[in-house]
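Peer 1: Below is the file model_3.pdb, which contains PDB, C-alpha atoms.
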ATOM      1  CA  MET R  30      83.790 -46.169 227.774  1.00  0.00           C
ATOM      2  CA  GLN R  31      82.599 -44.968 224.391  1.00  0.00           C
ATOM      3  CA  GLU R  32      83.662 -47.028 221.357  1.00  0.00           C
ATOM      4  CA  PRO R  33      84.770 -45.359 218.119  1.00  0.00           C
ATOM      5  CA  LYS R  34      82.547 -45.721 215.067  1.00  0.00           C
ATOM      6  CA  ILE R  35      83.659 -48.377 212.569  1.00  0.00           C
ATOM      7  CA  ALA R  36      84.383 -46.404 209.397  1.00  0.00           C
ATOM      8  CA  ASP R  37      85.051 -49.524 207.299  1.00  0.00           C
ATOM      9  CA  LYS R  38      85.963 -53.180 207.763  1.00  0.00           C
ATOM     10  CA  LYS R  39      89.058 -52.971 205.588  1.00  0.00           C
ATOM     11  CA  PRO R  40      92.170 -50.818 205.781  1.00  0.00           C
ATOM     12  CA  ALA R  41      92.789 -47.723 203.701  1.00  0.00           C
ATOM     13  CA  VAL R  42      96.047 -48.483 201.898  1.00  0.00           C
ATOM     14  CA  LEU R  43      97.569 -45.215 200.732  1.00  0.00           C
ATOM     15  CA  GLU R  44     100.802 -44.060 199.127  1.00  0.00           C
ATOM     16  CA  LEU R  45     101.740 -40.866 200.962  1.00  0.00           C
ATOM     17  CA  ALA R  46     104.396 -38.196 200.651  1.00  0.00           C
ATOM     18  CA  ALA R  47     106.665 -37.476 203.611  1.00  0.00           C
ATOM     19  CA  GLY R  48     104.935 -35.155 206.059  1.00  0.00           C
ATOM     20  CA  THR R  49     102.529 -34.921 208.973  1.00  0.00           C
ATOM     21  CA  TYR R  50      99.044 -36.416 208.827  1.00  0.00           C
ATOM     22  CA  TRP R  51      96.229 -36.596 211.386  1.00  0.00           C
ATOM     23  CA  TYR R  52      94.531 -40.001 211.708  1.00  0.00           C
ATOM     24  CA  CYS R  53      90.842 -40.069 212.671  1.00  0.00           C
ATOM     25  CA  ALA R  54      90.479 -42.104 215.875  1.00  0.00           C
ATOM     26  CA  CYS R  55      86.734 -41.521 216.393  1.00  0.00           C
ATOM     27  CA  GLY R  56      85.545 -42.997 213.084  1.00  0.00           C
ATOM     28  CA  GLN R  57      83.207 -40.083 212.377  1.00  0.00           C
ATOM     29  CA  SER R  58      85.322 -38.162 209.855  1.00  0.00           C
ATOM     30  CA  ALA R  59      83.936 -37.837 206.339  1.00  0.00           C
ATOM     31  CA  ASN R  60      87.556 -37.749 205.145  1.00  0.00           C
ATOM     32  CA  GLN R  61      88.646 -41.233 206.351  1.00  0.00           C
ATOM     33  CA  PRO R  62      91.236 -42.193 207.406  1.00  0.00           C
ATOM     34  CA  PHE R  63      92.100 -38.587 208.171  1.00  0.00           C
ATOM     35  CA  CYS R  64      90.599 -36.264 210.775  1.00  0.00           C
ATOM     36  CA  ASP R  65      88.119 -33.553 209.756  1.00  0.00           C
ATOM     37  CA  GLY R  66      87.312 -32.342 213.287  1.00  0.00           C
ATOM     38  CA  SER R  67      84.228 -34.551 213.753  1.00  0.00           C
ATOM     39  CA  HIS R  68      85.606 -35.773 217.103  1.00  0.00           C
ATOM     40  CA  LYS R  69      84.730 -32.477 218.793  1.00  0.00           C
ATOM     41  CA  GLY R  70      82.508 -33.177 221.784  1.00  0.00           C
ATOM     42  CA  THR R  71      83.718 -36.795 222.067  1.00  0.00           C
ATOM     43  CA  PRO R  72      86.499 -38.314 224.197  1.00  0.00           C
ATOM     44  CA  PHE R  73      88.504 -39.111 221.035  1.00  0.00           C
ATOM     45  CA  ARG R  74      91.475 -37.192 219.661  1.00  0.00           C
ATOM     46  CA  PRO R  75      93.232 -37.640 216.311  1.00  0.00           C
ATOM     47  CA  LEU R  76      96.627 -39.325 216.221  1.00  0.00           C
ATOM     48  CA  GLN R  77      99.554 -37.508 214.651  1.00  0.00           C
ATOM     49  CA  VAL R  78     101.363 -39.553 211.994  1.00  0.00           C
ATOM     50  CA  ASP R  79     104.797 -38.309 210.946  1.00  0.00           C
ATOM     51  CA  LEU R  80     106.302 -39.884 207.832  1.00  0.00           C
ATOM     52  CA  ALA R  81     110.001 -39.120 207.368  1.00  0.00           C
ATOM     53  CA  GLU R  82     109.981 -40.702 203.909  1.00  0.00           C
ATOM     54  CA  PRO R  83     107.287 -41.267 201.305  1.00  0.00           C
ATOM     55  CA  GLY R  84     105.702 -44.695 201.422  1.00  0.00           C
ATOM     56  CA  LYS R  85     102.670 -46.924 201.582  1.00  0.00           C
ATOM     57  CA  ILE R  86     100.713 -47.269 204.830  1.00  0.00           C
ATOM     58  CA  ALA R  87      97.641 -49.360 205.676  1.00  0.00           C
ATOM     59  CA  PHE R  88      95.489 -47.217 207.977  1.00  0.00           C
ATOM     60  CA  CYS R  89      93.036 -49.001 210.296  1.00  0.00           C
ATOM     61  CA  GLN R  90      89.461 -47.990 209.530  1.00  0.00           C
ATOM     62  CA  CYS R  91      87.682 -50.301 211.974  1.00  0.00           C
ATOM     63  CA  LYS R  92      89.316 -48.261 214.777  1.00  0.00           C
ATOM     64  CA  ARG R  93      89.999 -51.434 216.801  1.00  0.00           C
ATOM     65  CA  SER R  94      93.634 -52.149 215.802  1.00  0.00           C
ATOM     66  CA  GLY R  95      96.144 -52.688 218.566  1.00  0.00           C
ATOM     67  CA  ARG R  96      98.669 -50.856 216.355  1.00  0.00           C
ATOM     68  CA  GLN R  97      96.681 -47.714 215.518  1.00  0.00           C
ATOM     69  CA  PRO R  98      96.895 -45.955 213.215  1.00  0.00           C
ATOM     70  CA  ARG R  99      98.165 -48.994 211.326  1.00  0.00           C
ATOM     71  CA  CYS R 100      95.950 -51.962 210.503  1.00  0.00           C
ATOM     72  CA  ASP R 101      96.713 -55.217 212.353  1.00  0.00           C
ATOM     73  CA  GLY R 102      93.913 -57.325 210.814  1.00  0.00           C
ATOM     74  CA  THR R 103      91.450 -56.906 213.710  1.00  0.00           C
ATOM     75  CA  HIS R 104      88.708 -56.004 211.183  1.00  0.00           C
ATOM     76  CA  ARG R 105      88.578 -59.685 210.123  1.00  0.00           C
ATOM     77  CA  ASN R 106      87.042 -60.562 213.513  1.00  0.00           C
ATOM     78  CA  LEU R 107      84.271 -57.948 213.523  1.00  0.00           C
TER      79      LEU R 107
END
Here is a file; write its structure as structure tokens.
Peer 2:
Amino acid sequence: MQEPKIADKKPAVLELAAGTYWYCACGQSANQPFCDGSHKGTPFRPLQVDLAEPGKIAFCQCKRSGRQPRCDGTHRNL
């Protein structure tokens, strides 16, 4: 099975407005942590993130979190 590219070894902590976002699961996007379509031709697909209220979220950028798209600290072991 193909592994996603590690985009960074720390989370992207962002304050976001309510709405729909697309999380990059392949690690190849130039617009991390969001999808830019770079996954085309790979087995990866972006994850839809729906925020009902504005707030802060820590997006996983190592692409190894067990709670994707949220960071669970897995990057500390890479």
Peer 1: For the provided coordinates, the residues matched by the PyMOL selection byres ((chain R and resi 69-86) around 7) should be stated as a ChimeraX atom specification.
Peer 2: /R:42-55,64,66-68,87-88
Peer 1: Which residues would end up in the selection if the PyMOL selection byres ((chain R and resi 93) around 10) were applied here, given that I need the answer as a list in words?
Peer 2: Glu32, Pro33, Lys34, Ile35, Ala54, Cys89, Gln90, Cys91, Lys92, Ser94, Gly95, Arg96, Gln97, Pro98, Cys100, Asp101, Gly102, Thr103, His104 and Leu107 of chain R
Peer 1: For Asn106 (chain R), which of R:Lys38, R:Phe63, R:Gly56, R:Gln31 is the closest residue, counting all atoms listed in the file?
Peer 2: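 Checking each of R:Lys38, R:Phe63, R:Gly56, R:Gln31 against Asn106 (chain R), counting all atoms listed in the file, the winner is R:Lys38.
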